[in-house]
$ cat entry10.pdb   # PDB, C-alpha atoms
MODEL        1
ATOM      1  CA  MET A   2      -7.111  18.963 -11.082
ATOM      2  CA  HIS A   3      -5.336  22.169 -12.104
ATOM      3  CA  VAL A   4      -1.549  21.904 -12.401
ATOM      4  CA  SER A   5       0.387  25.131 -12.740
ATOM      5  CA  ARG A   6       3.098  25.693 -15.306
ATOM      6  CA  ARG A   7       5.565  26.225 -12.461
ATOM      7  CA  SER A   8       4.650  22.852 -10.923
ATOM      8  CA  LEU A   9       5.071  21.123 -14.248
ATOM      9  CA  LEU A  10       8.430  22.730 -14.802
ATOM     10  CA  ALA A  11       9.556  21.699 -11.345
ATOM     11  CA  ALA A  12       8.412  18.154 -12.015
ATOM     12  CA  GLY A  13      10.330  18.063 -15.269
ATOM     13  CA  LEU A  14      13.498  19.439 -13.726
ATOM     14  CA  ALA A  15      13.265  16.969 -10.844
ATOM     15  CA  VAL A  16      13.443  14.019 -13.217
ATOM     16  CA  PRO A  17      16.886  12.376 -13.008
ATOM     17  CA  LEU A  18      18.881  13.063 -16.148
ATOM     18  CA  ALA A  19      21.155  10.893 -18.281
ATOM     19  CA  GLY A  20      23.377  13.168 -20.324
ATOM     20  CA  CYS A  21      21.109  15.441 -22.348
ATOM     21  CA  SER A  22      18.200  12.993 -22.539
ATOM     22  CA  ALA A  23      15.062  12.853 -20.406
ATOM     23  CA  SER A  24      15.061  10.069 -17.851
ATOM     24  CA  GLY A  25      13.030   6.907 -18.231
ATOM     25  CA  ALA A  26      11.083   8.166 -15.214
ATOM     26  CA  LEU A  27       8.986  10.068 -17.748
ATOM     27  CA  ASN A  28       7.644   6.722 -18.905
ATOM     28  CA  ALA A  29       5.695   6.551 -15.665
ATOM     29  CA  LEU A  30       3.567   9.349 -17.128
ATOM     30  CA  VAL A  31       2.637   7.356 -20.238
ATOM     31  CA  PRO A  32      -1.046   6.333 -20.272
ATOM     32  CA  ARG A  33      -2.062   2.805 -21.153
ATOM     33  CA  GLY A  34      -4.259   1.826 -24.062
ATOM     34  CA  THR A  35      -3.236   4.635 -26.396
ATOM     35  CA  TYR A  36      -0.834   2.646 -28.578
ATOM     36  CA  ARG A  37       0.455  -0.800 -29.535
ATOM     37  CA  VAL A  38       4.139  -1.677 -29.756
ATOM     38  CA  GLU A  39       6.345  -4.077 -31.668
ATOM     39  CA  SER A  40       9.523  -4.332 -29.607
ATOM     40  CA  ASP A  41      13.137  -5.313 -30.158
ATOM     41  CA  LEU A  42      13.128  -5.430 -33.952
ATOM     42  CA  ALA A  43      16.615  -6.000 -35.378
ATOM     43  CA  TYR A  44      17.789  -3.818 -38.257
ATOM     44  CA  GLY A  45      21.374  -5.143 -38.055
ATOM     45  CA  ASP A  46      23.527  -7.723 -36.327
ATOM     46  CA  ASP A  47      24.909  -5.606 -33.476
ATOM     47  CA  PRO A  48      22.976  -5.684 -30.161
ATOM     48  CA  ARG A  49      22.607  -1.908 -30.425
ATOM     49  CA  GLN A  50      20.954  -2.152 -33.851
ATOM     50  CA  ARG A  51      17.438  -2.593 -32.523
ATOM     51  CA  LEU A  52      14.264  -0.528 -32.621
ATOM     52  CA  ASP A  53      10.733  -0.394 -31.236
ATOM     53  CA  ALA A  54       7.697   0.547 -33.346
ATOM     54  CA  TYR A  55       4.805   2.347 -31.631
ATOM     55  CA  LEU A  56       1.564   1.910 -33.548
ATOM     56  CA  PRO A  57      -1.753   3.759 -33.219
ATOM     57  CA  GLU A  58      -4.328   1.794 -31.265
ATOM     58  CA  GLN A  59      -6.651   1.783 -34.275
ATOM     59  CA  PRO A  60      -4.820   0.107 -37.177
ATOM     60  CA  GLY A  61      -4.733   1.952 -40.488
ATOM     61  CA  THR A  62      -3.045   1.707 -43.847
ATOM     62  CA  ALA A  63      -1.774   5.208 -44.570
ATOM     63  CA  ALA A  64      -0.521   6.732 -41.312
ATOM     64  CA  PRO A  65       2.595   8.923 -41.299
ATOM     65  CA  LEU A  66       5.787   7.229 -40.106
ATOM     66  CA  VAL A  67       8.310   9.052 -37.890
ATOM     67  CA  VAL A  68      11.735   7.555 -37.120
ATOM     68  CA  PHE A  69      13.023   9.120 -33.876
ATOM     69  CA  PHE A  70      16.649   9.326 -32.693
ATOM     70  CA  TYR A  71      17.392  10.303 -29.081
ATOM     71  CA  GLY A  72      20.242  12.406 -27.743
ATOM     72  CA  GLY A  73      23.038  11.622 -25.308
ATOM     73  CA  THR A  74      26.189  13.248 -26.747
ATOM     74  CA  TRP A  75      26.508  10.265 -29.138
ATOM     75  CA  SER A  76      27.824   8.359 -26.096
ATOM     76  CA  HIS A  77      24.786   7.044 -24.196
ATOM     77  CA  GLY A  78      21.058   6.474 -24.481
ATOM     78  CA  GLU A  79      18.489   3.681 -24.622
ATOM     79  CA  ARG A  80      15.359   3.474 -26.735
ATOM     80  CA  ALA A  81      13.333   2.165 -23.772
ATOM     81  CA  THR A  82      13.761   5.563 -22.128
ATOM     82  CA  TYR A  83      11.721   7.185 -24.896
ATOM     83  CA  ARG A  84       8.467   5.295 -24.660
ATOM     84  CA  PHE A  85       6.864   8.650 -23.845
ATOM     85  CA  VAL A  86       7.856   9.899 -27.327
ATOM     86  CA  GLY A  87       6.350   6.845 -28.987
ATOM     87  CA  GLU A  88       3.100   7.262 -27.052
ATOM     88  CA  ALA A  89       2.889  11.014 -27.719
ATOM     89  CA  LEU A  90       2.923  10.487 -31.476
ATOM     90  CA  ALA A  91       1.217   7.091 -31.793
ATOM     91  CA  SER A  92      -1.742   8.378 -29.766
ATOM     92  CA  ALA A  93      -2.101  11.095 -32.429
ATOM     93  CA  GLY A  94      -2.238   8.525 -35.236
ATOM     94  CA  ILE A  95       1.463   8.555 -36.183
ATOM     95  CA  VAL A  96       3.461   5.334 -36.449
ATOM     96  CA  THR A  97       6.645   6.043 -34.493
ATOM     97  CA  VAL A  98       9.919   4.133 -34.539
ATOM     98  CA  VAL A  99      12.410   4.715 -31.714
ATOM     99  CA  ALA A 100      15.811   3.364 -32.700
ATOM    100  CA  ASP A 101      18.928   2.504 -30.748
ATOM    101  CA  TYR A 102      22.248   2.971 -32.537
ATOM    102  CA  ARG A 103      25.859   2.190 -31.750
ATOM    103  CA  LEU A 104      27.569   4.755 -29.563
ATOM    104  CA  SER A 105      30.975   6.281 -28.982
ATOM    105  CA  PRO A 106      33.548   5.042 -28.013
ATOM    106  CA  GLN A 107      32.532   1.784 -29.723
ATOM    107  CA  VAL A 108      32.138   3.703 -32.994
ATOM    108  CA  ARG A 109      32.458   7.262 -34.295
ATOM    109  CA  TRP A 110      30.047   9.645 -36.002
ATOM    110  CA  ARG A 111      30.120   8.072 -39.466
ATOM    111  CA  ALA A 112      29.104   4.650 -38.134
ATOM    112  CA  ILE A 113      26.416   6.263 -35.980
ATOM    113  CA  LEU A 114      24.933   7.936 -39.048
ATOM    114  CA  ASP A 115      25.116   4.698 -40.976
ATOM    115  CA  ASP A 116      23.138   2.983 -38.212
ATOM    116  CA  CYS A 117      20.499   5.732 -38.341
ATOM    117  CA  ALA A 118      20.240   5.411 -42.124
ATOM    118  CA  ARG A 119      19.979   1.629 -41.795
ATOM    119  CA  ALA A 120      17.180   1.987 -39.214
ATOM    120  CA  THR A 121      15.373   4.383 -41.534
ATOM    121  CA  ARG A 122      15.641   1.928 -44.428
ATOM    122  CA  PHE A 123      14.292  -0.878 -42.228
ATOM    123  CA  SER A 124      11.381   1.338 -41.176
ATOM    124  CA  LEU A 125      10.584   2.281 -44.761
ATOM    125  CA  ASP A 126      10.546  -1.370 -45.785
ATOM    126  CA  ALA A 127       8.269  -2.230 -42.840
ATOM    127  CA  ALA A 128       5.945   0.760 -43.333
ATOM    128  CA  ARG A 129       3.044  -1.159 -44.873
ATOM    129  CA  ARG A 130       3.216  -3.823 -42.151
ATOM    130  CA  PHE A 131       3.128  -1.064 -39.520
ATOM    131  CA  GLY A 132       0.071   0.495 -41.184
ATOM    132  CA  ALA A 133       2.014   3.479 -42.507
ATOM    133  CA  ALA A 134       2.380   5.025 -45.945
ATOM    134  CA  PRO A 135       6.001   4.897 -47.226
ATOM    135  CA  GLU A 136       5.562   8.286 -48.898
ATOM    136  CA  ARG A 137       4.790   9.861 -45.490
ATOM    137  CA  LEU A 138       8.181   9.097 -43.924
ATOM    138  CA  PHE A 139       9.825  11.596 -41.537
ATOM    139  CA  VAL A 140      12.998  11.530 -39.449
ATOM    140  CA  MET A 141      13.121  13.300 -36.100
ATOM    141  CA  GLY A 142      15.545  13.703 -33.238
ATOM    142  CA  HIS A 143      16.420  15.518 -30.044
ATOM    143  CA  SER A 144      19.866  16.972 -29.295
ATOM    144  CA  ALA A 145      22.502  14.607 -30.739
ATOM    145  CA  GLY A 146      19.608  12.693 -32.291
ATOM    146  CA  ALA A 147      18.483  15.870 -34.058
ATOM    147  CA  TYR A 148      21.971  16.055 -35.564
ATOM    148  CA  ASN A 149      21.527  12.482 -36.803
ATOM    149  CA  ALA A 150      18.158  13.310 -38.358
ATOM    150  CA  ALA A 151      19.555  16.481 -39.930
ATOM    151  CA  MET A 152      22.424  14.650 -41.572
ATOM    152  CA  LEU A 153      20.096  12.032 -43.062
ATOM    153  CA  ALA A 154      17.833  14.772 -44.413
ATOM    154  CA  LEU A 155      20.525  17.121 -45.719
ATOM    155  CA  ASP A 156      23.566  15.024 -46.668
ATOM    156  CA  PRO A 157      22.509  12.432 -49.275
ATOM    157  CA  ARG A 158      25.437  10.045 -48.806
ATOM    158  CA  TRP A 159      24.024   8.397 -45.666
ATOM    159  CA  LEU A 160      20.668   7.320 -47.085
ATOM    160  CA  ALA A 161      22.265   6.597 -50.481
ATOM    161  CA  ALA A 162      24.351   3.859 -48.855
ATOM    162  CA  HIS A 163      21.042   2.060 -48.210
ATOM    163  CA  GLY A 164      19.316   2.727 -51.505
ATOM    164  CA  MET A 165      17.414   5.835 -50.421
ATOM    165  CA  ALA A 166      17.544   9.584 -50.966
ATOM    166  CA  PRO A 167      16.469  12.589 -48.849
ATOM    167  CA  ARG A 168      13.751  13.357 -51.414
ATOM    168  CA  GLN A 169      11.932  10.261 -50.108
ATOM    169  CA  LEU A 170      11.414  12.041 -46.798
ATOM    170  CA  ALA A 171       8.174  13.970 -46.386
ATOM    171  CA  GLY A 172      10.061  16.152 -43.918
ATOM    172  CA  TRP A 173      12.338  16.155 -40.898
ATOM    173  CA  ILE A 174      12.125  17.504 -37.345
ATOM    174  CA  GLY A 175      14.984  18.714 -35.192
ATOM    175  CA  ILE A 176      14.514  19.500 -31.488
ATOM    176  CA  ALA A 177      17.356  21.349 -29.737
ATOM    177  CA  GLY A 178      19.868  20.040 -32.238
ATOM    178  CA  PRO A 179      23.543  20.896 -32.840
ATOM    179  CA  TYR A 180      23.891  21.692 -36.537
ATOM    180  CA  ASN A 181      26.919  23.983 -36.559
ATOM    181  CA  PHE A 182      29.226  23.141 -33.651
ATOM    182  CA  LEU A 183      32.848  23.438 -34.762
ATOM    183  CA  PRO A 184      35.217  23.870 -32.988
ATOM    184  CA  ILE A 185      34.371  21.155 -30.461
ATOM    185  CA  GLY A 186      34.972  21.762 -26.761
ATOM    186  CA  ASP A 187      32.983  18.979 -25.075
ATOM    187  CA  PRO A 188      35.215  15.916 -24.394
ATOM    188  CA  GLU A 189      32.548  13.310 -25.258
ATOM    189  CA  THR A 190      31.746  15.063 -28.533
ATOM    190  CA  GLN A 191      35.449  15.408 -29.314
ATOM    191  CA  ARG A 192      35.825  11.646 -29.002
ATOM    192  CA  ALA A 193      32.766  10.872 -31.137
ATOM    193  CA  PHE A 194      33.976  13.205 -33.902
ATOM    194  CA  ASP A 195      37.734  12.495 -33.755
ATOM    195  CA  TRP A 196      38.529  16.090 -32.832
ATOM    196  CA  PRO A 197      40.629  17.906 -34.015
ATOM    197  CA  ASP A 198      40.471  15.865 -37.231
ATOM    198  CA  THR A 199      36.784  16.661 -37.692
ATOM    199  CA  PRO A 200      35.888  17.604 -41.268
ATOM    200  CA  ARG A 201      33.661  20.544 -42.086
ATOM    201  CA  ASP A 202      31.314  18.187 -43.916
ATOM    202  CA  SER A 203      30.403  16.630 -40.560
ATOM    203  CA  GLN A 204      28.176  19.680 -39.982
ATOM    204  CA  PRO A 205      24.545  19.667 -41.156
ATOM    205  CA  ILE A 206      24.691  23.364 -42.056
ATOM    206  CA  ALA A 207      27.328  22.523 -44.667
ATOM    207  CA  HIS A 208      24.800  20.437 -46.626
ATOM    208  CA  VAL A 209      21.928  22.868 -47.053
ATOM    209  CA  SER A 210      20.557  22.881 -50.586
ATOM    210  CA  ALA A 211      17.363  23.520 -52.508
ATOM    211  CA  GLN A 212      16.717  19.762 -52.387
ATOM    212  CA  ALA A 213      16.337  19.683 -48.589
ATOM    213  CA  PRO A 214      13.031  18.258 -47.286
ATOM    214  CA  ARG A 215      10.590  20.546 -45.504
ATOM    215  CA  THR A 216      11.795  21.232 -42.003
ATOM    216  CA  LEU A 217      10.534  21.859 -38.471
ATOM    217  CA  LEU A 218      13.084  23.196 -35.977
ATOM    218  CA  LEU A 219      12.178  23.543 -32.294
ATOM    219  CA  ALA A 220      14.464  24.672 -29.482
ATOM    220  CA  ALA A 221      14.327  26.232 -26.046
ATOM    221  CA  ARG A 222      14.930  29.952 -26.243
ATOM    222  CA  GLU A 223      17.121  29.642 -23.146
ATOM    223  CA  ASP A 224      19.165  26.551 -23.999
ATOM    224  CA  HIS A 225      22.545  26.596 -22.264
ATOM    225  CA  THR A 226      23.623  23.227 -23.676
ATOM    226  CA  VAL A 227      23.159  23.750 -27.431
ATOM    227  CA  ASN A 228      23.076  27.406 -28.467
ATOM    228  CA  PRO A 229      19.803  27.952 -30.376
ATOM    229  CA  GLN A 230      21.008  31.025 -32.234
ATOM    230  CA  ARG A 231      24.146  29.390 -33.604
ATOM    231  CA  ASN A 232      22.381  26.137 -34.424
ATOM    232  CA  SER A 233      18.613  26.227 -34.960
ATOM    233  CA  GLU A 234      18.352  29.869 -36.056
ATOM    234  CA  ALA A 235      21.400  29.692 -38.311
ATOM    235  CA  LEU A 236      20.203  26.484 -39.964
ATOM    236  CA  ALA A 237      16.698  27.882 -40.470
ATOM    237  CA  GLU A 238      18.079  31.004 -42.125
ATOM    238  CA  SER A 239      20.311  28.947 -44.405
ATOM    239  CA  LEU A 240      17.435  26.655 -45.397
ATOM    240  CA  GLN A 241      15.177  29.619 -46.089
ATOM    241  CA  ARG A 242      17.796  31.189 -48.350
ATOM    242  CA  ALA A 243      17.957  27.897 -50.270
ATOM    243  CA  GLY A 244      14.187  27.910 -50.734
ATOM    244  CA  THR A 245      13.302  25.093 -48.326
ATOM    245  CA  PRO A 246      10.019  25.420 -46.411
ATOM    246  CA  VAL A 247      11.084  25.669 -42.774
ATOM    247  CA  ARG A 248       9.298  26.452 -39.528
ATOM    248  CA  LEU A 249      11.391  27.607 -36.567
ATOM    249  CA  ARG A 250      10.065  28.051 -33.052
ATOM    250  CA  LEU A 251      12.106  29.053 -30.023
ATOM    251  CA  LEU A 252      10.066  28.070 -26.994
ATOM    252  CA  ASP A 253       9.850  29.716 -23.596
ATOM    253  CA  HIS A 254       9.509  27.985 -20.189
ATOM    254  CA  VAL A 255      11.626  24.971 -21.225
ATOM    255  CA  ASN A 256      15.326  24.119 -21.371
ATOM    256  CA  HIS A 257      17.449  21.652 -23.336
ATOM    257  CA  VAL A 258      15.963  18.661 -21.496
ATOM    258  CA  THR A 259      12.387  19.744 -20.792
ATOM    259  CA  VAL A 260      11.819  20.703 -24.436
ATOM    260  CA  ILE A 261      11.679  16.965 -25.239
ATOM    261  CA  ALA A 262      10.146  16.026 -21.872
ATOM    262  CA  ALA A 263       7.204  18.282 -22.823
ATOM    263  CA  LEU A 264       6.008  15.484 -25.111
ATOM    264  CA  ALA A 265       5.068  13.455 -22.006
ATOM    265  CA  GLY A 266       1.387  13.767 -21.108
ATOM    266  CA  PRO A 267       1.203  15.900 -17.928
ATOM    267  CA  LEU A 268       4.220  17.973 -19.006
ATOM    268  CA  ARG A 269       2.654  19.075 -22.289
ATOM    269  CA  PRO A 270       1.478  22.441 -20.913
ATOM    270  CA  LEU A 271       5.160  23.406 -20.570
ATOM    271  CA  ALA A 272       5.414  24.065 -24.321
ATOM    272  CA  PRO A 273       3.464  23.134 -27.487
ATOM    273  CA  VAL A 274       6.033  20.581 -28.659
ATOM    274  CA  ARG A 275       3.507  17.824 -29.361
ATOM    275  CA  ASP A 276       1.185  20.230 -31.169
ATOM    276  CA  GLU A 277       4.035  21.509 -33.330
ATOM    277  CA  VAL A 278       5.264  18.033 -34.242
ATOM    278  CA  THR A 279       1.854  16.507 -34.916
ATOM    279  CA  GLY A 280       0.716  19.573 -36.853
ATOM    280  CA  PHE A 281       3.828  19.377 -39.053
ATOM    281  CA  VAL A 282       3.520  15.628 -39.660
ATOM    282  CA  LEU A 283      -0.247  15.458 -40.133
ATOM    283  CA  GLY A 284      -0.701  18.792 -41.866
TER
ENDMDL
END
$ encode --input "entry10.pdb" --output "structure tokens"
Amino acid sequence: MHVSRRSLLAAGLAVPLAGCSASGALNALVPRGTYRVESDLAYGDDPRQRLDAYLPEQPGTAAPLVVFFYGGTWSHGERATYRFVGEALASAGIVTVVADYRLSPQVRWRAILDDCARATRFSLDAARRFGAAPERLFVMGHSAGAYNAAMLALDPRWLAAHGMAPRQLAGWIGIAGPYNFLPIGDPETQRAFDWPDTPRDSQPIAHVSAQAPRTLLLAAREDHTVNPQRNSEALAESLQRAGTPVRLRLLDHVNHVTVIAALAGPLRPLAPVRDEVTGFVLG
């Protein structure tokens, strides 16, 4: 059956939204039999410090491993909502971890980043059991989750607290991320970052160096939630000046939400998000 791009876009926009994350309704589009899952793995003592690992249907020993962080203005989100992300990558042969983390107002940005680093350390330690190669480790995120991934990849203090370094990452992927967002106007973000006492070193763009891992940045060209020119384009230019291999794509026919929803099976014709991510990870 032929489905037009317009119909797909309408379907994506009709999905109920939770903050800036795609609704769990997208999980209804996930096919069966394309992955295995290990659920509710604890990487810490808090109920929010849990993750799910999506494994390729055919077990291997040297698959890439992607740790994914979702968005939600650092204030809401659930890993169960992102089964469609796990399936999209696991069905391509990529072990994919989707991690919950503590949220504002329970904690602030530093604790959130520590949770993400802790989840990454757990995933690295479990890589062989998952059938993945530790040297093929990536971090990835959408929206606020792309910020989290960026900070782990660019600012060494977060991984260092758990005995790791950004050089251990084979790369990182940011989708529609905020990387350069001071001053802060959004009330939820203000709370998560203790505005106006938000330091400049809270911004990923402040940590660009020649040691940064190779980078893939994707964003909607018409994103009215996170400005792609100020964030994705500016970060890409800064990374390129530092000598980091970086690929930037601004995508048409999607917005801040549907750019991640395009990973879900029938919505993939909206934009080549899955192709870009899998090509970067497997290439």
$ residues_around --input "entry10.pdb" --residues "A:Ala89" --least-positions-apart "4" --cutoff "7 Å" --atoms "all atoms listed in the file" --output "ChimeraX atom specification"
/A:85,93,264-265
$ resolve_selection --input "entry10.pdb" --expression "the PyMOL selection byres ((chain A and resi 99) around 10)" --output "PyMOL selection string"
chain A and resi 40+51-55+67-71+79-84+86-87+97-98+100-101+120+141-142
$ closest_residue --input "entry10.pdb" --among "A:Glu58, A:Asp195, A:Asp46, A:Glu88" --to "A:Gly266" --atoms "all atoms listed in the file"
A:Glu88
$ closest_residue --input "entry10.pdb" --among "A:Arg168, A:Arg248, A:His163, A:His257" --to "A:Ser144" --atoms "only C-alpha atoms"
A:His257
$ closest_residue --input "entry10.pdb" --among "A:Leu249, A:Arg109, A:Leu153, A:Ala128" --to "A:Thr199" --atoms "only C-alpha atoms"
A:Arg109
$ closest_residue --input "entry10.pdb" --among "A:Asp156, A:Asp253, A:Asp198, A:Glu277" --to "A:Pro214" --atoms "only C-alpha atoms"
A:Asp156
$ atom_distance --input "entry10.pdb" --atom1 "atom CA of A:Pro65" --atom2 "atom CA of A:Asn181"
29.0 Å
$ residues_around --input "entry10.pdb" --residues "A:Leu125" --least-positions-apart "4" --cutoff "9 Å" --atoms "all atoms listed in the file" --output "PyMOL selection string"
chain A and resi 66+120-121+129+133-136+138
$ write_last_selection --input "entry10.pdb" --atoms "C-alpha atoms" --output "compact mmCIF listing (two decimals), keeping the file's coordinate frame"
# COMPACT_ATOMS: atom_id res chain seq x y z
CA LEU A 66 5.79 7.23 -40.11
CA ALA A 120 17.18 1.99 -39.21
CA THR A 121 15.37 4.38 -41.53
CA ARG A 129 3.04 -1.16 -44.87
CA ALA A 133 2.01 3.48 -42.51
CA ALA A 134 2.38 5.03 -45.94
CA PRO A 135 6.00 4.90 -47.23
CA GLU A 136 5.56 8.29 -48.90
CA LEU A 138 8.18 9.10 -43.92
$ residues_around --input "entry10.pdb" --residues "A:Pro205" --least-positions-apart "3" --cutoff "7 Å" --atoms "all atoms listed in the file" --output "list in words"
Ala151, Met152, Leu155, Tyr180, Asn181 and His208 of chain A
$ closest_residue --input "entry10.pdb" --among "A:Ala118, A:Ala145, A:Ile113, A:Leu240" --to "A:Ala213" --atoms "all atoms listed in the file"
A:Leu240
$ build_atoms --input "entry10.pdb" --residues "stretch 122-148 of chain A" --atoms "N, CA and C atoms" --output "tab-separated table (two decimals), in the coordinates of the input"
chain	number	residue	atom	x	y	z
A	122	ARG	N	15.95	2.84	-43.33
A	122	ARG	CA	15.64	1.93	-44.43
A	122	ARG	C	14.75	0.77	-43.95
A	123	PHE	N	15.10	0.20	-42.80
A	123	PHE	CA	14.29	-0.88	-42.23
A	123	PHE	C	12.86	-0.40	-42.02
A	124	SER	N	12.71	0.80	-41.47
A	124	SER	CA	11.38	1.34	-41.18
A	124	SER	C	10.59	1.57	-42.45
A	125	LEU	N	11.25	2.08	-43.48
A	125	LEU	CA	10.58	2.28	-44.76
A	125	LEU	C	10.09	0.95	-45.32
A	126	ASP	N	10.93	-0.06	-45.26
A	126	ASP	CA	10.55	-1.37	-45.78
A	126	ASP	C	9.40	-1.99	-44.99
A	127	ALA	N	9.31	-1.66	-43.70
A	127	ALA	CA	8.27	-2.23	-42.84
A	127	ALA	C	7.02	-1.35	-42.77
A	128	ALA	N	7.02	-0.22	-43.49
A	128	ALA	CA	5.94	0.76	-43.33
A	128	ALA	C	4.57	0.15	-43.53
A	129	ARG	N	4.37	-0.59	-44.60
A	129	ARG	CA	3.04	-1.16	-44.87
A	129	ARG	C	2.61	-2.10	-43.74
A	130	ARG	N	3.55	-2.90	-43.25
A	130	ARG	CA	3.22	-3.82	-42.15
A	130	ARG	C	2.83	-3.06	-40.89
A	131	PHE	N	3.45	-1.90	-40.68
A	131	PHE	CA	3.13	-1.06	-39.52
A	131	PHE	C	1.82	-0.29	-39.70
A	132	GLY	N	1.26	-0.30	-40.92
A	132	GLY	CA	0.07	0.50	-41.18
A	132	GLY	C	0.38	1.91	-41.60
A	133	ALA	N	1.59	2.15	-42.11
A	133	ALA	CA	2.01	3.48	-42.51
A	133	ALA	C	2.20	3.56	-44.02
A	134	ALA	N	2.16	4.77	-44.52
A	134	ALA	CA	2.38	5.03	-45.94
A	134	ALA	C	3.85	5.36	-46.16
A	135	PRO	N	4.57	4.62	-47.01
A	135	PRO	CA	6.00	4.90	-47.23
A	135	PRO	C	6.28	6.32	-47.68
A	136	GLU	N	5.34	6.93	-48.41
A	136	GLU	CA	5.56	8.29	-48.90
A	136	GLU	C	5.36	9.35	-47.82
A	137	ARG	N	4.98	8.92	-46.61
A	137	ARG	CA	4.79	9.86	-45.49
A	137	ARG	C	5.84	9.62	-44.40
A	138	LEU	N	7.07	9.42	-44.82
A	138	LEU	CA	8.18	9.10	-43.92
A	138	LEU	C	8.89	10.36	-43.46
A	139	PHE	N	9.11	10.47	-42.15
A	139	PHE	CA	9.82	11.60	-41.54
A	139	PHE	C	10.95	11.04	-40.66
A	140	VAL	N	12.01	11.81	-40.49
A	140	VAL	CA	13.00	11.53	-39.45
A	140	VAL	C	12.97	12.68	-38.45
A	141	MET	N	13.26	12.34	-37.20
A	141	MET	CA	13.12	13.30	-36.10
A	141	MET	C	14.15	12.96	-35.04
A	142	GLY	N	14.63	13.97	-34.33
A	142	GLY	CA	15.54	13.70	-33.24
A	142	GLY	C	15.62	14.84	-32.25
A	143	HIS	N	16.17	14.52	-31.08
A	143	HIS	CA	16.42	15.52	-30.04
A	143	HIS	C	17.91	15.57	-29.75
A	144	SER	N	18.47	16.76	-29.66
A	144	SER	CA	19.87	16.97	-29.30
A	144	SER	C	20.77	16.24	-30.28
A	145	ALA	N	21.65	15.35	-29.80
A	145	ALA	CA	22.50	14.61	-30.74
A	145	ALA	C	21.67	13.84	-31.76
A	146	GLY	N	20.49	13.37	-31.36
A	146	GLY	CA	19.61	12.69	-32.29
A	146	GLY	C	19.06	13.62	-33.36
A	147	ALA	N	18.90	14.90	-33.04
A	147	ALA	CA	18.48	15.87	-34.06
A	147	ALA	C	19.60	16.08	-35.08
A	148	TYR	N	20.84	16.05	-34.62
A	148	TYR	CA	21.97	16.06	-35.56
A	148	TYR	C	21.87	14.86	-36.51
